[in-house]
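Data block for data_11.txt (compact mmCIF, N, CA, C and O atoms):
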# COMPACT_ATOMS: atom_id res chain seq x y z
N MET O 1 43.01 -4.46 -22.89
CA MET O 1 41.73 -5.11 -22.78
C MET O 1 40.88 -4.36 -21.76
O MET O 1 40.97 -4.57 -20.57
N GLY O 2 40.09 -3.43 -22.22
CA GLY O 2 39.28 -2.62 -21.32
C GLY O 2 37.93 -3.23 -21.06
O GLY O 2 37.51 -4.20 -21.71
N LEU O 3 37.28 -2.67 -20.09
CA LEU O 3 35.93 -3.12 -19.75
C LEU O 3 34.93 -2.51 -20.72
O LEU O 3 34.99 -1.32 -21.02
N THR O 4 34.04 -3.32 -21.22
CA THR O 4 33.02 -2.78 -22.10
C THR O 4 31.92 -2.13 -21.27
O THR O 4 31.81 -2.35 -20.06
N GLN O 5 31.10 -1.35 -21.93
CA GLN O 5 30.00 -0.67 -21.24
C GLN O 5 29.01 -1.69 -20.67
O GLN O 5 28.47 -1.49 -19.59
N ASP O 6 28.83 -2.80 -21.38
CA ASP O 6 27.94 -3.85 -20.89
C ASP O 6 28.44 -4.44 -19.58
O ASP O 6 27.67 -4.67 -18.64
N MET O 7 29.74 -4.68 -19.49
CA MET O 7 30.33 -5.23 -18.27
C MET O 7 30.21 -4.25 -17.12
O MET O 7 29.92 -4.64 -15.99
N LEU O 8 30.42 -2.97 -17.40
CA LEU O 8 30.27 -1.96 -16.36
C LEU O 8 28.83 -1.88 -15.86
O LEU O 8 28.59 -1.76 -14.65
N ASN O 9 27.89 -1.94 -16.78
CA ASN O 9 26.47 -1.91 -16.38
C ASN O 9 26.12 -3.12 -15.54
O ASN O 9 25.38 -2.99 -14.56
N ASN O 10 26.64 -4.29 -15.90
CA ASN O 10 26.37 -5.50 -15.11
C ASN O 10 26.96 -5.38 -13.71
O ASN O 10 26.34 -5.80 -12.73
N MET O 11 28.15 -4.82 -13.60
CA MET O 11 28.78 -4.65 -12.28
C MET O 11 28.00 -3.65 -11.45
O MET O 11 27.81 -3.85 -10.24
N GLN O 12 27.52 -2.57 -12.07
CA GLN O 12 26.72 -1.58 -11.35
C GLN O 12 25.41 -2.19 -10.88
O GLN O 12 24.97 -1.93 -9.76
N THR O 13 24.79 -2.99 -11.72
CA THR O 13 23.54 -3.64 -11.34
C THR O 13 23.76 -4.60 -10.18
O THR O 13 22.99 -4.63 -9.22
N ALA O 14 24.84 -5.39 -10.24
CA ALA O 14 25.15 -6.33 -9.17
C ALA O 14 25.43 -5.59 -7.86
O ALA O 14 24.97 -6.01 -6.79
N THR O 15 26.14 -4.49 -7.95
CA THR O 15 26.42 -3.69 -6.76
C THR O 15 25.13 -3.11 -6.18
O THR O 15 24.93 -3.11 -4.97
N GLY O 16 24.24 -2.65 -7.05
CA GLY O 16 22.96 -2.10 -6.59
C GLY O 16 22.09 -3.16 -5.93
O GLY O 16 21.48 -2.90 -4.89
N VAL O 17 22.06 -4.35 -6.50
CA VAL O 17 21.26 -5.44 -5.91
C VAL O 17 21.84 -5.82 -4.56
O VAL O 17 21.10 -6.05 -3.59
N THR O 18 23.16 -5.89 -4.46
CA THR O 18 23.80 -6.22 -3.19
C THR O 18 23.49 -5.16 -2.14
O THR O 18 23.19 -5.48 -0.99
N GLY O 19 23.54 -3.90 -2.53
CA GLY O 19 23.21 -2.81 -1.61
C GLY O 19 21.76 -2.88 -1.14
O GLY O 19 21.48 -2.72 0.05
N LEU O 20 20.86 -3.13 -2.06
CA LEU O 20 19.44 -3.24 -1.71
C LEU O 20 19.20 -4.43 -0.78
O LEU O 20 18.47 -4.32 0.21
N PHE O 21 19.85 -5.55 -1.08
CA PHE O 21 19.73 -6.73 -0.22
C PHE O 21 20.23 -6.43 1.19
O PHE O 21 19.59 -6.79 2.17
N SER O 22 21.35 -5.72 1.29
CA SER O 22 21.90 -5.36 2.60
C SER O 22 20.96 -4.46 3.38
O SER O 22 20.78 -4.64 4.59
N ILE O 23 20.36 -3.49 2.71
CA ILE O 23 19.42 -2.59 3.37
C ILE O 23 18.21 -3.35 3.89
O ILE O 23 17.79 -3.17 5.04
N VAL O 24 17.66 -4.23 3.06
CA VAL O 24 16.47 -4.99 3.45
C VAL O 24 16.79 -5.91 4.63
O VAL O 24 16.03 -5.97 5.61
N VAL O 25 17.92 -6.61 4.57
CA VAL O 25 18.30 -7.51 5.67
C VAL O 25 18.48 -6.72 6.96
O VAL O 25 18.02 -7.13 8.03
N THR O 26 19.11 -5.55 6.88
CA THR O 26 19.34 -4.75 8.07
C THR O 26 18.02 -4.24 8.66
O THR O 26 17.80 -4.34 9.88
N LEU O 27 17.13 -3.72 7.84
CA LEU O 27 15.85 -3.22 8.34
C LEU O 27 14.98 -4.34 8.91
O LEU O 27 14.37 -4.16 9.98
N VAL O 28 14.95 -5.48 8.26
CA VAL O 28 14.17 -6.61 8.77
C VAL O 28 14.76 -7.08 10.10
O VAL O 28 14.02 -7.41 11.04
N SER O 29 16.08 -7.09 10.22
CA SER O 29 16.73 -7.50 11.47
C SER O 29 16.38 -6.54 12.61
O SER O 29 16.11 -6.98 13.73
N ILE O 30 16.38 -5.26 12.34
CA ILE O 30 16.04 -4.27 13.36
C ILE O 30 14.59 -4.46 13.82
O ILE O 30 14.31 -4.45 15.03
N VAL O 31 13.67 -4.65 12.88
CA VAL O 31 12.27 -4.86 13.23
C VAL O 31 12.10 -6.15 14.02
O VAL O 31 11.37 -6.19 15.02
N LEU O 32 12.79 -7.21 13.61
CA LEU O 32 12.72 -8.48 14.32
C LEU O 32 13.21 -8.33 15.76
O LEU O 32 12.54 -8.78 16.70
N ILE O 33 14.33 -7.66 15.96
CA ILE O 33 14.86 -7.43 17.30
C ILE O 33 13.88 -6.58 18.12
O ILE O 33 13.67 -6.83 19.31
N TRP O 34 13.27 -5.58 17.49
CA TRP O 34 12.30 -4.73 18.19
C TRP O 34 11.14 -5.58 18.74
O TRP O 34 10.75 -5.44 19.89
N PHE O 35 10.61 -6.48 17.90
CA PHE O 35 9.50 -7.32 18.35
C PHE O 35 9.94 -8.30 19.43
O PHE O 35 9.19 -8.57 20.36
N ILE O 36 11.13 -8.82 19.31
CA ILE O 36 11.64 -9.72 20.35
C ILE O 36 11.81 -8.96 21.66
O ILE O 36 11.49 -9.48 22.74
N MET O 37 12.29 -7.74 21.60
CA MET O 37 12.52 -6.95 22.81
C MET O 37 11.23 -6.57 23.52
O MET O 37 11.26 -6.27 24.72
N GLN O 38 10.11 -6.61 22.83
CA GLN O 38 8.84 -6.26 23.46
C GLN O 38 8.44 -7.29 24.53
O GLN O 38 7.60 -7.01 25.38
N GLU O 39 9.05 -8.46 24.49
CA GLU O 39 8.76 -9.50 25.46
C GLU O 39 9.53 -9.30 26.77
O GLU O 39 9.26 -9.97 27.75
N LEU O 40 10.51 -8.39 26.77
CA LEU O 40 11.28 -8.13 27.99
C LEU O 40 10.44 -7.36 29.01
O LEU O 40 9.56 -6.57 28.65
N LYS O 41 10.72 -7.56 30.27
CA LYS O 41 10.06 -6.83 31.35
C LYS O 41 10.82 -5.53 31.59
O LYS O 41 11.77 -5.47 32.37
N TRP O 42 10.42 -4.49 30.89
CA TRP O 42 11.12 -3.21 30.97
C TRP O 42 10.89 -2.51 32.31
O TRP O 42 11.58 -1.55 32.63
N GLU O 43 9.92 -2.99 33.08
CA GLU O 43 9.65 -2.38 34.38
C GLU O 43 10.86 -2.51 35.31
O GLU O 43 11.04 -1.72 36.22
N ALA O 44 11.69 -3.51 35.08
CA ALA O 44 12.89 -3.70 35.90
C ALA O 44 13.94 -2.62 35.63
O ALA O 44 14.79 -2.35 36.48
N PHE O 45 13.85 -1.98 34.46
CA PHE O 45 14.84 -0.97 34.07
C PHE O 45 14.30 0.45 34.18
O PHE O 45 15.06 1.39 34.43
N PHE O 46 13.00 0.61 33.95
CA PHE O 46 12.41 1.95 33.91
C PHE O 46 11.18 2.01 34.82
O PHE O 46 10.41 1.06 34.89
N ALA O 47 11.02 3.15 35.48
CA ALA O 47 9.83 3.33 36.30
C ALA O 47 8.59 3.44 35.40
O ALA O 47 7.51 2.95 35.76
N PHE O 48 8.75 4.06 34.24
CA PHE O 48 7.67 4.21 33.27
C PHE O 48 8.15 3.66 31.93
O PHE O 48 8.68 4.39 31.09
N PRO O 49 7.96 2.36 31.70
CA PRO O 49 8.52 1.72 30.50
C PRO O 49 7.90 2.18 29.18
O PRO O 49 8.48 1.95 28.13
N ARG O 50 6.76 2.86 29.23
CA ARG O 50 6.14 3.35 27.99
C ARG O 50 6.41 4.85 27.77
O ARG O 50 5.83 5.44 26.86
N SER O 51 7.27 5.42 28.57
CA SER O 51 7.60 6.83 28.41
C SER O 51 8.44 7.03 27.15
O SER O 51 9.06 6.10 26.64
N PRO O 52 8.47 8.25 26.62
CA PRO O 52 9.26 8.51 25.41
C PRO O 52 10.75 8.19 25.58
O PRO O 52 11.38 7.67 24.66
N LYS O 53 11.30 8.48 26.75
CA LYS O 53 12.72 8.19 26.98
C LYS O 53 12.99 6.68 26.96
O LYS O 53 13.97 6.23 26.37
N ALA O 54 12.11 5.92 27.59
CA ALA O 54 12.27 4.46 27.61
C ALA O 54 12.10 3.89 26.20
O ALA O 54 12.86 3.00 25.79
N ARG O 55 11.15 4.40 25.45
CA ARG O 55 10.94 3.94 24.07
C ARG O 55 12.13 4.29 23.18
O ARG O 55 12.52 3.51 22.31
N MET O 56 12.70 5.48 23.40
CA MET O 56 13.87 5.88 22.62
C MET O 56 15.05 4.95 22.93
O MET O 56 15.76 4.52 22.03
N PHE O 57 15.23 4.62 24.20
CA PHE O 57 16.28 3.70 24.60
C PHE O 57 16.06 2.33 23.94
O PHE O 57 17.00 1.73 23.42
N GLN O 58 14.82 1.85 23.95
CA GLN O 58 14.50 0.57 23.33
C GLN O 58 14.79 0.60 21.83
O GLN O 58 15.31 -0.37 21.26
N ALA O 59 14.45 1.71 21.19
CA ALA O 59 14.71 1.84 19.75
C ALA O 59 16.20 1.82 19.45
O ALA O 59 16.65 1.15 18.51
N VAL O 60 16.98 2.54 20.25
CA VAL O 60 18.44 2.57 20.04
C VAL O 60 19.03 1.18 20.26
O VAL O 60 19.87 0.72 19.47
N ILE O 61 18.60 0.48 21.29
CA ILE O 61 19.09 -0.88 21.55
C ILE O 61 18.68 -1.81 20.40
O ILE O 61 19.48 -2.64 19.95
N ALA O 62 17.46 -1.66 19.90
CA ALA O 62 17.00 -2.49 18.77
C ALA O 62 17.85 -2.23 17.53
O ALA O 62 18.20 -3.16 16.80
N ILE O 63 18.19 -0.97 17.29
CA ILE O 63 19.02 -0.63 16.13
C ILE O 63 20.42 -1.23 16.28
O ILE O 63 20.96 -1.82 15.34
N ILE O 64 21.00 -1.10 17.47
CA ILE O 64 22.34 -1.63 17.69
C ILE O 64 22.35 -3.16 17.54
O ILE O 64 23.19 -3.72 16.82
N LEU O 65 21.43 -3.84 18.22
CA LEU O 65 21.40 -5.30 18.14
C LEU O 65 20.98 -5.79 16.75
O LEU O 65 21.52 -6.78 16.24
N GLY O 66 20.03 -5.09 16.13
CA GLY O 66 19.60 -5.47 14.79
C GLY O 66 20.71 -5.30 13.77
O GLY O 66 20.89 -6.15 12.88
N HIS O 67 21.47 -4.24 13.90
CA HIS O 67 22.61 -4.03 12.99
C HIS O 67 23.66 -5.11 13.19
O HIS O 67 24.23 -5.63 12.22
N ALA O 68 23.94 -5.46 14.43
CA ALA O 68 24.92 -6.52 14.70
C ALA O 68 24.45 -7.86 14.13
O ALA O 68 25.23 -8.60 13.51
N PHE O 69 23.17 -8.17 14.31
CA PHE O 69 22.61 -9.40 13.77
C PHE O 69 22.66 -9.41 12.25
O PHE O 69 23.05 -10.40 11.63
N ALA O 70 22.29 -8.29 11.63
CA ALA O 70 22.32 -8.18 10.17
C ALA O 70 23.76 -8.28 9.65
O ALA O 70 23.99 -8.91 8.62
N SER O 71 24.70 -7.70 10.36
CA SER O 71 26.10 -7.80 9.95
C SER O 71 26.57 -9.25 9.94
O SER O 71 27.27 -9.69 9.03
N PHE O 72 26.16 -10.00 10.96
CA PHE O 72 26.51 -11.41 10.99
C PHE O 72 25.90 -12.14 9.79
O PHE O 72 26.58 -12.92 9.11
N ILE O 73 24.62 -11.91 9.52
CA ILE O 73 23.96 -12.58 8.40
C ILE O 73 24.64 -12.22 7.08
O ILE O 73 24.91 -13.09 6.25
N LEU O 74 24.92 -10.93 6.88
CA LEU O 74 25.54 -10.50 5.63
C LEU O 74 26.97 -11.02 5.51
O LEU O 74 27.40 -11.38 4.40
N ASP O 75 27.71 -11.06 6.60
CA ASP O 75 29.06 -11.63 6.57
C ASP O 75 29.00 -13.11 6.22
O ASP O 75 29.78 -13.60 5.41
N TYR O 76 28.08 -13.82 6.86
CA TYR O 76 27.93 -15.25 6.59
C TYR O 76 27.58 -15.49 5.12
O TYR O 76 28.12 -16.38 4.48
N TRP O 77 26.68 -14.67 4.60
CA TRP O 77 26.29 -14.77 3.19
C TRP O 77 27.51 -14.54 2.29
O TRP O 77 27.73 -15.27 1.33
N SER O 78 28.30 -13.55 2.63
CA SER O 78 29.51 -13.24 1.86
C SER O 78 30.52 -14.39 1.92
O SER O 78 31.12 -14.76 0.91
N TRP O 79 30.69 -14.96 3.11
CA TRP O 79 31.64 -16.07 3.26
C TRP O 79 31.21 -17.27 2.45
O TRP O 79 32.04 -17.94 1.83
N THR O 80 29.92 -17.59 2.47
CA THR O 80 29.46 -18.75 1.71
C THR O 80 29.59 -18.51 0.21
O THR O 80 29.88 -19.44 -0.54
N THR O 81 29.42 -17.26 -0.21
CA THR O 81 29.62 -16.93 -1.62
C THR O 81 31.07 -17.11 -2.01
O THR O 81 31.39 -17.61 -3.08
N MET O 82 31.99 -16.71 -1.11
CA MET O 82 33.41 -16.88 -1.39
C MET O 82 33.79 -18.36 -1.44
O MET O 82 34.66 -18.75 -2.21
N LEU O 83 33.14 -19.18 -0.63
CA LEU O 83 33.45 -20.61 -0.63
C LEU O 83 33.07 -21.28 -1.95
O LEU O 83 33.70 -22.27 -2.33
N LYS O 84 32.09 -20.76 -2.64
CA LYS O 84 31.70 -21.31 -3.93
C LYS O 84 32.88 -21.28 -4.88
O LYS O 84 33.14 -22.23 -5.61
N SER O 85 33.62 -20.17 -4.91
CA SER O 85 34.76 -20.06 -5.81
C SER O 85 35.91 -20.96 -5.36
O SER O 85 36.73 -21.39 -6.16
N PHE O 86 35.99 -21.27 -4.09
CA PHE O 86 37.02 -22.16 -3.55
C PHE O 86 36.77 -23.59 -3.98
O PHE O 86 37.68 -24.34 -4.31
N VAL O 87 35.50 -23.99 -4.00
CA VAL O 87 35.13 -25.37 -4.33
C VAL O 87 35.20 -25.60 -5.83
O VAL O 87 35.57 -26.68 -6.27
N GLU O 88 34.87 -24.62 -6.61
CA GLU O 88 34.83 -24.79 -8.09
C GLU O 88 36.19 -24.91 -8.69
O GLU O 88 37.18 -24.52 -8.39
How would this structure read if it were set down as structure tokens?
Amino acid sequence: MGLTQDMLNNMQTATGVTGLFSIVVTLVSIVLIWFIMQELKWEAFFAFPRSPKARMFQAVIAIILGHAFASFILDYWSWTTMLKSFVE
């Protein structure tokens, strides 16, 4: 009992949609963290908070925190999807 071409196409489409969803959630999370971080008083950490080095540091921190936040959201989404099959 092999997989038909239709089934393979459906699996590829589902995988592509999941990948696109993950990318969008991750990028939105990074942007959200970046805007939240703009409220911090960076003067306590940097003598020149608008310098390129300080901005690069802020961007790296936003990427790290945004990725962690997105990972939590995507994991939670995955867990709730798995629970559907448990309840049914």
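With distances taken over only N, CA, C and O atoms, O:Ile33 is the one residue among O:Thr15, O:Phe45, O:Val25, O:Ile33 lying closest to Ala62 in chain O.
If you look at CA of Ile36 in chain O and CA of Ala70 in chain O, they are 14.8 Å away from each other.
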Near range 56-60 of chain O, counting all atoms listed in the file, which residues have an atom at most 8 Å away, once you skip same-chain residues fewer than 4 positions from it, shown as a ChimeraX atom specification? /O:30,33-34,37,49-52,64-67
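Taking CA of Gly16 in chain O and CA of Ile61 in chain O as endpoints, the distance between them is 28.4 Å.
Coordinates place CA of Leu83 in chain O at a distance of 17.5 Å from CA of Thr18 in chain O.
When DSSP reads the backbone of this structure, the residues of range 36-76 of chain O it assigns to alpha helix (DSSP H) are O:Ile36, O:Met37, O:Pro52, O:Lys53, O:Ala54, O:Arg55, O:Met56, O:Phe57, O:Gln58, O:Ala59, O:Val60, O:Ile61, O:Ala62, O:Ile63, O:Ile64, O:Leu65, O:Gly66, O:His67, O:Ala68, O:Phe69, O:Ala70, O:Ser71, O:Phe72, O:Ile73, O:Leu74, O:Asp75, O:Tyr76.
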For range 24-43 of chain O, I'd like the enclosing box, axis-aligned and padded by 8 Å on every side, reported as AutoDock Vina command-line options with centre and edge lengths in Å to one decimal.
--center_x 13.5 --center_y -5.8 --center_z 19.6 --size_x 27.7 --size_y 24.4 --size_z 49.2
